[in-house]
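Visitor: My questions will all concern the structure given below.
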Amino acid sequence: GIRADEISKLDELCSHISFNSLNQHQRLSPLLKQASTGLRLNPKISFLDDDRFNPCRQHSKLGVAIEDFCQQDSELEGLHFHTIFSATDFTPLKQTLTAIEKKAGNRLKQLKWLNLGGGYLFNQIKNLTPLIELIQRLQQQYALDVYIEPGKAIVGEAGYLMTSVIDLFNSDGKTVAILDTSINHNPEVFEYQKKPLLCEEDLNGHYHAILAGSTCLAGDIFGEYRFNKALKIGDKLIFKNLGAYSLIKANRFNGYNLPDIYNYRDGNIKKIKQYNYQDYQQQWHTEKTCEVLKTSQV
């Protein structure tokens, strides 16, 4: 969704821009003065059963169908594709490139660059030789600059969310621990029913507790965890590997404050960001808003 009123600034800031549709390319590429122009390609190959993550799903909004691309004679310098999510081997990448080369191999020789996209957990793939060999072949065969998007592979194992137990009670035979945070600070817990990793969890522990957030959302639940000792009010618990898709998605659901942000380096902890009510108020506050609220209260 590149906006026409932002394209000139993007042109200043970006070395490469991949347009998402032929329509978008035709309208906006003439406005570029320096960025290298490319298209996002939809190879029409699906590797995922869950369409929430599938860029090549039916009626996809992501990229130009490869058949449509092959019929166009657009002036391009590059192509970008992204077909996978959290892959731990390069089989999908090989299959995607095989399909692209079969249908549009002649077009690759006319390009300057190829972006292989993201979705691969490079840090969890022990043997990177297949990727290296693949990139070398593309460089030699088509004289292309080849790019990859490491993304979550770099930041996924960074980042912690430290929280405190502020209430404990029994609910239908299970212990519920209320934390001074919310899944709204890590929305993928609710969106995709993910259970975040917890530093203090002991999978063989005899004590169980449901860790819940502080908001009024009934589903504000991180999950059920096991511990080697019973939790008590004031205990600190640390969720880990939250460097990706946590702060970027965090929200103040019903006014519940965002977490403070700290930097941890060389054994030292330094607070670098703290939100207050004025931050929340200024996000929505206008004089007209206040008048509307006063009127509705009356």
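By convention in this document, the chains of the structure tokens carry letters A, B, ... by their order, each chain's residues are numbered from 1, and ligands are numbered from 1 in the order they are shown.
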With only C-alpha atoms counted and 12 Å as the cut-off, give the residues of region 13-53 of chain A in contact with region 105-111 of chain A, each with its shortest interatomic distance in Å and the pair that gives it, as a Markdown table.

Guide:
| residue | atom | partner | partner_atom | distance |
| --- | --- | --- | --- | --- |
| A:Ser36 | CA | A:Leu111 | CA | 10.7 |
| A:Thr37 | CA | A:Leu111 | CA | 10.2 |
| A:Gly38 | CA | A:Leu111 | CA | 9.1 |
| A:Leu39 | CA | A:Leu111 | CA | 11.1 |

Visitor: Using only C-alpha atoms, determine which residues lie at most 10 Å from Phe253 (chain A), disregarding the query and same-chain residues fewer than 4 positions distant; provide the list as a list in words.

Guide: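 The neighbour list is Ser182, Ile183, Asn184, His185, Thr215, Cys216, Leu217, Asn257 and Leu258 of chain A.
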
Visitor: Deliver the residues from the most recent selection as a file, using C-alpha atoms, as a CSV table (one decimal), in the first residue's frame.

Guide:
chain,number,residue,atom,x,y,z
A,182,SER,CA,-1.2,-7.8,29.0
A,183,ILE,CA,-1.2,-10.0,25.9
A,184,ASN,CA,-2.0,-6.7,24.2
A,185,HIS,CA,1.7,-6.0,24.6
A,215,THR,CA,-7.1,-6.1,31.3
A,216,CYS,CA,-10.8,-6.8,31.2
A,217,LEU,CA,-10.4,-9.0,28.1
A,257,ASN,CA,-0.3,1.4,29.8
A,258,LEU,CA,2.5,0.2,27.6

Visitor: Do a neighbour search on region 5-14 of chain A at 8 Å with only C-alpha atoms, toss out local chain neighbours closer than 5 positions, and write the hits as a ChimeraX atom specification.

Guide: /A:28,31-35

Visitor: Find the residues around Ile84 (chain A) up to 7 Å (only C-alpha atoms counted), leave out those fewer than 4 positions away in its own chain, and share them as a ChimeraX atom specification.

Guide: /A:47,54,119

Visitor: How close does region 34-118 of chain A get to region 153-166 of chain A? List, as JSON lines, each residue of region 34-118 of chain A within 12 Å, its nearest atom pair and the distance in Å to one decimal, counting only C-alpha atoms.

Guide:
{"residue": "A:Phe85", "atom": "CA", "partner": "A:Ala153", "partner_atom": "CA", "distance": 11.4}
{"residue": "A:Ser86", "atom": "CA", "partner": "A:Ala153", "partner_atom": "CA", "distance": 8.9}
{"residue": "A:Ala87", "atom": "CA", "partner": "A:Ala153", "partner_atom": "CA", "distance": 10.4}
{"residue": "A:Thr88", "atom": "CA", "partner": "A:Ala153", "partner_atom": "CA", "distance": 10.4}
{"residue": "A:Gly118", "atom": "CA", "partner": "A:Ala153", "partner_atom": "CA", "distance": 9.2}

Visitor: Just all heavy atoms for this one: save the residues we selected as an mmCIF file, in the first residue's frame.

Guide:
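Dumped everything to result05.cif:
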data_model
loop_
_atom_site.group_PDB
_atom_site.id
_atom_site.type_symbol
_atom_site.label_atom_id
_atom_site.label_comp_id
_atom_site.auth_asym_id
_atom_site.auth_seq_id
_atom_site.Cartn_x
_atom_site.Cartn_y
_atom_site.Cartn_z
ATOM 1 N N PHE A 85 6.768 -18.759 5.675
ATOM 2 C CA PHE A 85 6.727 -18.199 7.030
ATOM 3 C C PHE A 85 7.438 -19.158 7.971
ATOM 4 O O PHE A 85 7.115 -20.344 8.030
ATOM 5 C CB PHE A 85 5.274 -17.999 7.469
ATOM 6 C CG PHE A 85 5.102 -17.674 8.929
ATOM 7 C CD1 PHE A 85 5.266 -16.381 9.392
ATOM 8 C CD2 PHE A 85 4.773 -18.660 9.843
ATOM 9 C CE1 PHE A 85 5.109 -16.070 10.732
ATOM 10 C CE2 PHE A 85 4.605 -18.360 11.182
ATOM 11 C CZ PHE A 85 4.783 -17.062 11.631
ATOM 12 N N SER A 86 8.458 -18.672 8.677
ATOM 13 C CA SER A 86 9.183 -19.443 9.695
ATOM 14 C C SER A 86 9.685 -20.784 9.162
ATOM 15 O O SER A 86 9.573 -21.821 9.839
ATOM 16 C CB SER A 86 8.305 -19.656 10.938
ATOM 17 O OG SER A 86 8.080 -18.433 11.603
ATOM 18 N N ALA A 87 10.272 -20.787 7.977
ATOM 19 C CA ALA A 87 10.805 -22.016 7.397
ATOM 20 C C ALA A 87 12.167 -22.347 8.006
ATOM 21 O O ALA A 87 12.977 -21.462 8.261
ATOM 22 C CB ALA A 87 10.934 -21.878 5.884
ATOM 23 N N THR A 88 12.427 -23.624 8.222
ATOM 24 C CA THR A 88 13.696 -24.053 8.802
ATOM 25 C C THR A 88 14.513 -24.903 7.830
ATOM 26 O O THR A 88 15.423 -25.622 8.244
ATOM 27 C CB THR A 88 13.453 -24.835 10.107
ATOM 28 O OG1 THR A 88 12.533 -25.896 9.867
ATOM 29 C CG2 THR A 88 12.892 -23.918 11.189
ATOM 30 N N GLY A 118 11.849 -12.946 2.759
ATOM 31 C CA GLY A 118 12.110 -13.433 4.114
ATOM 32 C C GLY A 118 11.282 -14.663 4.419
ATOM 33 O O GLY A 118 10.834 -15.368 3.518
#

Visitor: Quick one: DSSP strand (DSSP E) residues in region 149-198 of chain A, as a ChimeraX atom specification?

Guide: /A:160-171,174-179

Visitor: For region 90-93 of chain A, work out the shell of residues within 12 Å, counting only C-alpha atoms and skipping chain neighbours fewer than 5 positions away, then give it as a ChimeraX atom specification.

Guide: /A:43,45-48,81-85,98-100,115-122,124-135,148

Visitor: Write a file of the just-selected residues containing C-alpha atoms, as a short mmCIF file (atom, residue, chain, number, x, y, z; two decimals), in the first residue's frame.

Guide:
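This went into part31.cif:
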data_model
loop_
_atom_site.label_atom_id
_atom_site.label_comp_id
_atom_site.auth_asym_id
_atom_site.auth_seq_id
_atom_site.Cartn_x
_atom_site.Cartn_y
_atom_site.Cartn_z
CA PRO A 43 4.83 -17.33 -7.88
CA ILE A 45 3.08 -21.68 -4.96
CA SER A 46 1.71 -22.30 -1.47
CA PHE A 47 3.74 -23.99 1.25
CA LEU A 48 1.44 -23.13 4.14
CA PHE A 81 9.12 -12.58 -3.82
CA HIS A 82 8.23 -13.95 -0.39
CA THR A 83 6.40 -17.27 -0.17
CA ILE A 84 7.02 -18.75 3.27
CA PHE A 85 6.73 -18.20 7.03
CA THR A 98 12.52 -23.52 -10.07
CA ALA A 99 8.96 -22.39 -10.85
CA ILE A 100 10.03 -18.79 -11.52
CA ASN A 115 15.17 -10.18 -3.64
CA LEU A 116 14.57 -13.66 -2.23
CA GLY A 117 12.40 -12.24 0.54
CA GLY A 118 12.11 -13.43 4.11
CA GLY A 119 10.33 -16.07 6.16
CA TYR A 120 13.42 -18.25 6.69
CA LEU A 121 14.79 -18.74 10.19
CA PHE A 122 18.43 -18.63 9.09
CA GLN A 124 17.92 -22.22 13.10
CA ILE A 125 19.20 -23.75 9.85
CA LYS A 126 22.53 -25.44 10.54
CA ASN A 127 23.58 -26.01 6.94
CA LEU A 128 23.57 -22.78 4.91
CA THR A 129 25.53 -24.29 2.03
CA PRO A 130 22.41 -24.82 -0.17
CA LEU A 131 21.56 -21.12 0.17
CA ILE A 132 25.11 -20.03 -0.61
CA GLU A 133 25.27 -22.25 -3.68
CA LEU A 134 21.87 -21.06 -4.87
CA ILE A 135 22.86 -17.39 -4.58
CA ILE A 148 17.68 -11.71 1.39
#

Visitor: Using only C-alpha atoms, determine which residues lie at most 9 Å from Leu203 (chain A), disregarding the query and same-chain residues fewer than 2 positions distant; provide the list as a ChimeraX atom specification.

Guide: /A:201,205-206,225-228

Visitor: Find the residue from A:Thr96, A:Asn123, A:Gln193, A:Ser29 that sits nearest to Leu76 (chain A); use only C-alpha atoms when measuring.

Guide: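 Among the listed residues, the smallest separation from Leu76 (chain A) belongs to A:Ser29.
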
Visitor: Between A:Arg3, A:Arg265, A:His59, A:His80, which is the closest to Arg27 (chain A) once you count only C-alpha atoms?

Guide: A:Arg3
